[in-house]
Every structure is written in C-alpha cells, then in structure tokens.
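Reproduced below: start.txt, with compact mmCIF, C-alpha atoms.
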# COMPACT_ATOMS: atom_id res chain seq x y z
CA MET A 1 -4.73 7.88 6.18
CA ALA A 2 -7.64 9.96 4.98
CA GLY A 3 -10.27 7.68 3.51
CA ASP A 4 -8.68 4.51 4.89
CA LEU A 5 -10.80 2.12 6.89
CA VAL A 6 -9.95 2.45 10.59
CA THR A 7 -10.47 -0.55 12.88
CA VAL A 8 -10.16 -0.48 16.66
CA VAL A 9 -8.08 -3.38 17.99
CA ARG A 10 -7.57 -4.39 21.61
CA ASP A 11 -5.59 -7.61 21.38
CA TRP A 12 -3.73 -9.99 19.09
CA ARG A 13 -6.84 -11.97 18.13
CA GLN A 14 -8.53 -8.86 16.74
CA MET A 15 -5.38 -7.59 15.09
CA GLU A 16 -4.69 -10.95 13.45
CA ALA A 17 -8.25 -11.10 12.08
CA VAL A 18 -8.01 -7.64 10.50
CA LEU A 19 -4.57 -8.35 9.02
CA THR A 20 -5.72 -11.70 7.61
CA VAL A 21 -8.58 -9.98 5.78
CA ALA A 22 -6.19 -7.25 4.62
CA ARG A 23 -3.79 -9.87 3.24
CA GLU A 24 -6.62 -11.59 1.35
CA SER A 25 -8.04 -8.34 -0.05
CA GLY A 26 -4.76 -6.54 -0.65
CA SER A 27 -5.81 -3.63 1.54
CA SER A 28 -3.70 -1.50 3.90
CA PRO A 29 -5.61 -1.13 7.18
CA VAL A 30 -5.28 1.53 9.83
CA LEU A 31 -5.44 -0.14 13.23
CA LEU A 32 -6.33 2.02 16.21
CA THR A 33 -6.08 1.19 19.88
CA PRO A 34 -8.86 2.24 22.26
CA GLU A 35 -8.58 5.67 23.86
CA ASN A 36 -5.87 5.86 26.55
CA ALA A 37 -4.58 2.42 25.56
CA ALA A 38 -1.01 3.28 26.53
CA ALA A 39 -2.12 3.74 30.15
CA THR A 40 -4.41 0.71 30.10
CA TYR A 41 -2.25 -1.87 28.31
CA GLY A 42 1.27 -0.48 28.66
CA ALA A 43 3.90 0.46 26.11
CA GLY A 44 5.58 -2.95 26.09
CA TYR A 45 2.39 -4.83 25.27
CA LEU A 46 1.44 -2.42 22.48
CA ALA A 47 4.93 -2.48 20.96
CA ALA A 48 4.87 -6.29 21.10
CA LEU A 49 1.53 -6.31 19.23
CA GLN A 50 3.02 -4.08 16.54
CA ASP A 51 6.19 -6.20 16.28
CA ARG A 52 4.31 -9.49 16.13
CA ALA A 53 2.08 -8.14 13.38
CA ARG A 54 5.11 -7.00 11.37
CA GLN A 55 6.71 -10.45 11.80
CA GLU A 56 3.65 -12.52 10.98
CA PHE A 57 2.29 -10.25 8.24
CA PRO A 58 5.38 -8.82 6.52
CA ASP A 59 3.44 -8.61 3.26
CA VAL A 60 0.65 -6.43 4.68
CA SER A 61 1.12 -2.68 4.83
CA PHE A 62 -0.64 -1.35 7.92
CA VAL A 63 -0.47 1.45 10.45
CA LEU A 64 -1.04 0.86 14.15
CA ILE A 65 -1.94 4.07 15.98
CA VAL A 66 -1.45 3.80 19.73
CA ASP A 67 -3.59 6.24 21.71
CA CYS A 68 -1.66 7.84 24.56
CA GLY A 69 -4.48 10.02 25.86
CA ASP A 70 -3.19 13.27 27.28
CA ALA A 71 -0.12 11.74 28.94
CA PRO A 72 3.30 12.71 27.55
CA GLY A 73 4.96 10.10 29.78
CA TYR A 74 3.01 7.27 28.19
CA ALA A 75 3.69 8.70 24.74
CA LEU A 76 7.43 8.73 25.45
CA ALA A 77 7.28 5.19 26.86
CA CYS A 78 5.59 3.97 23.67
CA LEU A 79 8.19 5.68 21.51
CA ARG A 80 11.03 4.15 23.56
CA ALA A 81 9.38 0.73 23.22
CA GLY A 82 9.40 1.11 19.42
CA VAL A 83 5.82 2.12 18.64
CA ARG A 84 5.96 3.98 15.33
CA THR A 85 2.70 5.94 15.38
CA ILE A 86 1.09 7.51 18.43
CA SER A 87 -1.82 9.86 19.03
CA MET A 88 -2.57 12.20 21.91
CA THR A 89 -5.72 14.02 22.98
CA SER A 90 -4.10 17.39 22.30
CA HIS A 91 -1.13 18.08 20.05
CA ASN A 92 2.17 18.29 21.92
CA GLU A 93 4.93 19.81 19.79
CA LYS A 94 7.72 18.51 22.05
CA ILE A 95 6.42 14.94 21.76
CA ALA A 96 5.93 15.39 18.00
CA ASP A 97 9.55 16.54 17.66
CA ILE A 98 10.87 13.63 19.74
CA ALA A 99 8.78 11.21 17.67
CA ARG A 100 10.21 12.61 14.42
CA GLN A 101 13.75 12.27 15.77
CA MET A 102 13.03 8.61 16.56
CA GLY A 103 11.59 7.88 13.12
CA ALA A 104 8.05 7.79 14.51
CA GLU A 105 5.03 10.05 14.19
CA LEU A 106 2.47 11.81 16.39
CA VAL A 107 -0.85 11.95 14.54
CA ARG A 108 -4.36 13.13 15.25
CA ARG A 109 -6.64 10.28 16.42
CA PRO A 110 -8.91 9.28 13.54
CA SER A 111 -12.60 9.72 14.24

In structure tokens, how does this file's structure come out?
Amino acid sequence: MAGDLVTVVRDWRQMEAVLTVARESGSSPVLLTPENAAATYGAGYLAALQDRARQEFPDVSFVLIVDCGDAPGYALACLRAGVRTISMTSHNEKIADIARQMGAELVRRPS
C-alpha cells in the first residue's frame, strides 16, 4: 500500500466514483473509511459496501480499509461481517491474529 493513492469514502456514491476512475485508468485504489467508521456506520453496512464494490467492479483491484477506532468489539464485528481489511488506533495482537485466521488483515491506518 505504500505509495498508493488513498481516498476516504463514506458511502456507495463516493466509492463508485473512485472505482469508476480506477477502472478507466487501470489503477488499484486504496479506499479508507473515516475514523471510527465501524462505530458510526456499523459492520453490516461497511461489509455490504465492500461486497457491492466487488460485485460491480470485479475487474478493479482495490483495498477497502475499515477504521475500527480503538474498539476491539467493532473490529471483531467487521471481521465476522466479512470485511477483509481493518485498522485500529493502536495495534492489537489478538485482533491481528483473529484477522489472519479469518483470511483478513489488521493494518495501520494510512496517513
């Protein structure tokens, strides 16, 4: 992800716009939710955004990083809902291990 363009997305309209441009340019965007998005929007909504993007843009390689703040419960909820990449305010080795076991990843929030 180093060097990749990171775009903050809050809803489907924004996500669709970024993925449309990525499709046209052949780029692989990194999409980032706002801070504490898991608490604000909920795991189900964020997983649905990710799934819709994968369905409607199967030809675009992208990463959606869902910010879970400092809340392990929200991080676990996102993982259970199928979110593949999460970030937390501080690294949590237990959450990172659970993510790995589920085929997901805990990453540092891009700046």

What separates CA of Ala53 in chain A and CA of Glu93 in chain A is a distance of 28.8 Å

Can you write out as a Markdown table which residues of range 28-56 of chain A fall within 12 Å of range 107-111 of chain A, alongside each residue's closest atom pair and its distance in Å to one decimal, counting all atoms listed in the file and ordering rows by chain and ascending residue number?
| residue | atom | partner | partner_atom | distance |
| --- | --- | --- | --- | --- |
| A:Val30 | CA | A:Pro110 | CA | 9.3 |
| A:Leu31 | CA | A:Pro110 | CA | 10.0 |
| A:Leu32 | CA | A:Pro110 | CA | 8.2 |
| A:Thr33 | CA | A:Arg109 | CA | 9.7 |
| A:Pro34 | CA | A:Arg109 | CA | 10.2 |
| A:Glu35 | CA | A:Arg109 | CA | 9.0 |
| A:Asn36 | CA | A:Arg109 | CA | 11.1 |

| What would the list of residues within 12 Å of (4.4, 15.4, 22.5) (file frame) look like as a ChimeraX atom specification, if all atoms listed in the file are what count? | /A:68-79,85-101,104-108

Judged by all atoms listed in the file, the minimum distance to Val18 in chain A among A:Ile65, A:Leu46, A:Ala37, A:Leu5 is found for A:Leu5

Go ahead and find all residues with at least one atom no further than 12 Å from (14.3, 0.0, 21.5) in the file's coordinates, using only C-alpha atoms; report them as a PyMOL selection string. chain A and resi 43-44+47-48+51+76-84+102-103

Non-local contacts of Arg23 in chain A (10 Å; all atoms listed in the file; under 3 positions in same chain excluded) as a VMD selection string: chain A and resid 17 to 20 26 to 29 57 to 61

Q.
Given all atoms listed in the file as the basis, pick out the residue of A:Val9, A:Glu16, A:Ala22, A:Arg52 nearest to Val66 in chain A.
A.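 Closest to Val66 in chain A, using all atoms listed in the file: A:Val9.
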
- prompt: So how far away is CA of Glu56 in chain A from CA of Gln14 in chain A, in Å?
  reply: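 The value is 14.0 Å.
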
Compare A:Asp11, A:Gln50, A:Tyr45, A:Ser25 by their minimum atom-to-atom distance to Val63 in chain A, counting only C-alpha atoms, and give me the closest one.
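Ranked by minimum distance to Val63 in chain A, first place goes to A:Gln50.
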
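Rounded to one decimal, CA of Val6 in chain A and CA of Glu24 in chain A lie 17.1 Å from each other.
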
Box along x, y and z, 5 Å on every side, all listed atoms of range 8-17 of chain A inside: centre and edge lengths in Å to one decimal, as AutoDock Vina command-line options.
--center_x -6.9 --center_y -6.2 --center_z 16.8 --size_x 16.4 --size_y 21.5 --size_z 19.5

Missing atoms in range 19-44 of chain A: can you complete it with N, CA and C atoms, as a PDB file, in the frame of the given file?
ATOM      1  N   LEU A  19      -5.709  -8.213   9.933  1.00  0.00           N
ATOM      2  CA  LEU A  19      -4.570  -8.350   9.020  1.00  0.00           C
ATOM      3  C   LEU A  19      -4.748  -9.534   8.064  1.00  0.00           C
ATOM      4  N   THR A  20      -5.430 -10.575   8.494  1.00  0.00           N
ATOM      5  CA  THR A  20      -5.720 -11.700   7.610  1.00  0.00           C
ATOM      6  C   THR A  20      -6.636 -11.258   6.473  1.00  0.00           C
ATOM      7  N   VAL A  21      -7.670 -10.505   6.812  1.00  0.00           N
ATOM      8  CA  VAL A  21      -8.580  -9.980   5.780  1.00  0.00           C
ATOM      9  C   VAL A  21      -7.826  -9.028   4.857  1.00  0.00           C
ATOM     10  N   ALA A  22      -6.967  -8.189   5.433  1.00  0.00           N
ATOM     11  CA  ALA A  22      -6.190  -7.250   4.620  1.00  0.00           C
ATOM     12  C   ALA A  22      -5.274  -7.996   3.645  1.00  0.00           C
ATOM     13  N   ARG A  23      -4.664  -9.063   4.113  1.00  0.00           N
ATOM     14  CA  ARG A  23      -3.790  -9.870   3.240  1.00  0.00           C
ATOM     15  C   ARG A  23      -4.606 -10.434   2.079  1.00  0.00           C
ATOM     16  N   GLU A  24      -5.788 -10.975   2.378  1.00  0.00           N
ATOM     17  CA  GLU A  24      -6.620 -11.590   1.350  1.00  0.00           C
ATOM     18  C   GLU A  24      -7.165 -10.570   0.351  1.00  0.00           C
ATOM     19  N   SER A  25      -7.443  -9.359   0.828  1.00  0.00           N
ATOM     20  CA  SER A  25      -8.040  -8.340  -0.050  1.00  0.00           C
ATOM     21  C   SER A  25      -7.019  -7.385  -0.637  1.00  0.00           C
ATOM     22  N   GLY A  26      -5.787  -7.451  -0.148  1.00  0.00           N
ATOM     23  CA  GLY A  26      -4.760  -6.540  -0.650  1.00  0.00           C
ATOM     24  C   GLY A  26      -4.902  -5.123  -0.119  1.00  0.00           C
ATOM     25  N   SER A  27      -5.611  -4.966   0.987  1.00  0.00           N
ATOM     26  CA  SER A  27      -5.810  -3.630   1.540  1.00  0.00           C
ATOM     27  C   SER A  27      -4.716  -3.279   2.555  1.00  0.00           C
ATOM     28  N   SER A  28      -4.678  -2.017   2.938  1.00  0.00           N
ATOM     29  CA  SER A  28      -3.700  -1.500   3.900  1.00  0.00           C
ATOM     30  C   SER A  28      -4.460  -0.868   5.064  1.00  0.00           C
ATOM     31  N   PRO A  29      -4.757  -1.639   6.098  1.00  0.00           N
ATOM     32  CA  PRO A  29      -5.610  -1.130   7.180  1.00  0.00           C
ATOM     33  C   PRO A  29      -4.900  -0.150   8.115  1.00  0.00           C
ATOM     34  N   VAL A  30      -5.716   0.680   8.723  1.00  0.00           N
ATOM     35  CA  VAL A  30      -5.280   1.530   9.830  1.00  0.00           C
ATOM     36  C   VAL A  30      -5.885   0.915  11.076  1.00  0.00           C
ATOM     37  N   LEU A  31      -5.014   0.475  11.980  1.00  0.00           N
ATOM     38  CA  LEU A  31      -5.440  -0.140  13.230  1.00  0.00           C
ATOM     39  C   LEU A  31      -5.292   0.895  14.332  1.00  0.00           C
ATOM     40  N   LEU A  32      -6.288   0.997  15.173  1.00  0.00           N
ATOM     41  CA  LEU A  32      -6.330   2.020  16.210  1.00  0.00           C
ATOM     42  C   LEU A  32      -6.612   1.374  17.546  1.00  0.00           C
ATOM     43  N   THR A  33      -5.810   1.708  18.545  1.00  0.00           N
ATOM     44  CA  THR A  33      -6.080   1.190  19.880  1.00  0.00           C
ATOM     45  C   THR A  33      -7.210   1.997  20.513  1.00  0.00           C
ATOM     46  N   PRO A  34      -7.846   1.460  21.549  1.00  0.00           N
ATOM     47  CA  PRO A  34      -8.860   2.240  22.260  1.00  0.00           C
ATOM     48  C   PRO A  34      -8.233   3.503  22.870  1.00  0.00           C
ATOM     49  N   GLU A  35      -9.064   4.454  23.229  1.00  0.00           N
ATOM     50  CA  GLU A  35      -8.580   5.670  23.860  1.00  0.00           C
ATOM     51  C   GLU A  35      -7.811   5.324  25.140  1.00  0.00           C
ATOM     52  N   ASN A  36      -6.726   6.036  25.364  1.00  0.00           N
ATOM     53  CA  ASN A  36      -5.870   5.860  26.550  1.00  0.00           C
ATOM     54  C   ASN A  36      -5.267   4.452  26.655  1.00  0.00           C
ATOM     55  N   ALA A  37      -5.096   3.790  25.539  1.00  0.00           N
ATOM     56  CA  ALA A  37      -4.580   2.420  25.560  1.00  0.00           C
ATOM     57  C   ALA A  37      -3.189   2.323  26.176  1.00  0.00           C
ATOM     58  N   ALA A  38      -2.370   3.334  25.979  1.00  0.00           N
ATOM     59  CA  ALA A  38      -1.010   3.280  26.530  1.00  0.00           C
ATOM     60  C   ALA A  38      -1.062   3.146  28.053  1.00  0.00           C
ATOM     61  N   ALA A  39      -1.983   3.835  28.695  1.00  0.00           N
ATOM     62  CA  ALA A  39      -2.120   3.740  30.150  1.00  0.00           C
ATOM     63  C   ALA A  39      -2.763   2.423  30.561  1.00  0.00           C
ATOM     64  N   THR A  40      -3.673   1.929  29.760  1.00  0.00           N
ATOM     65  CA  THR A  40      -4.410   0.710  30.100  1.00  0.00           C
ATOM     66  C   THR A  40      -3.584  -0.547  29.865  1.00  0.00           C
ATOM     67  N   TYR A  41      -2.955  -0.643  28.702  1.00  0.00           N
ATOM     68  CA  TYR A  41      -2.250  -1.870  28.310  1.00  0.00           C
ATOM     69  C   TYR A  41      -0.747  -1.817  28.546  1.00  0.00           C
ATOM     70  N   GLY A  42      -0.170  -0.634  28.485  1.00  0.00           N
ATOM     71  CA  GLY A  42       1.270  -0.480  28.660  1.00  0.00           C
ATOM     72  C   GLY A  42       2.019  -0.464  27.339  1.00  0.00           C
ATOM     73  N   ALA A  43       3.101   0.283  27.325  1.00  0.00           N
ATOM     74  CA  ALA A  43       3.900   0.460  26.110  1.00  0.00           C
ATOM     75  C   ALA A  43       4.486  -0.852  25.601  1.00  0.00           C
ATOM     76  N   GLY A  44       4.966  -1.688  26.501  1.00  0.00           N
ATOM     77  CA  GLY A  44       5.580  -2.950  26.090  1.00  0.00           C
ATOM     78  C   GLY A  44       4.616  -3.859  25.358  1.00  0.00           C
TER      79      GLY A  44
END
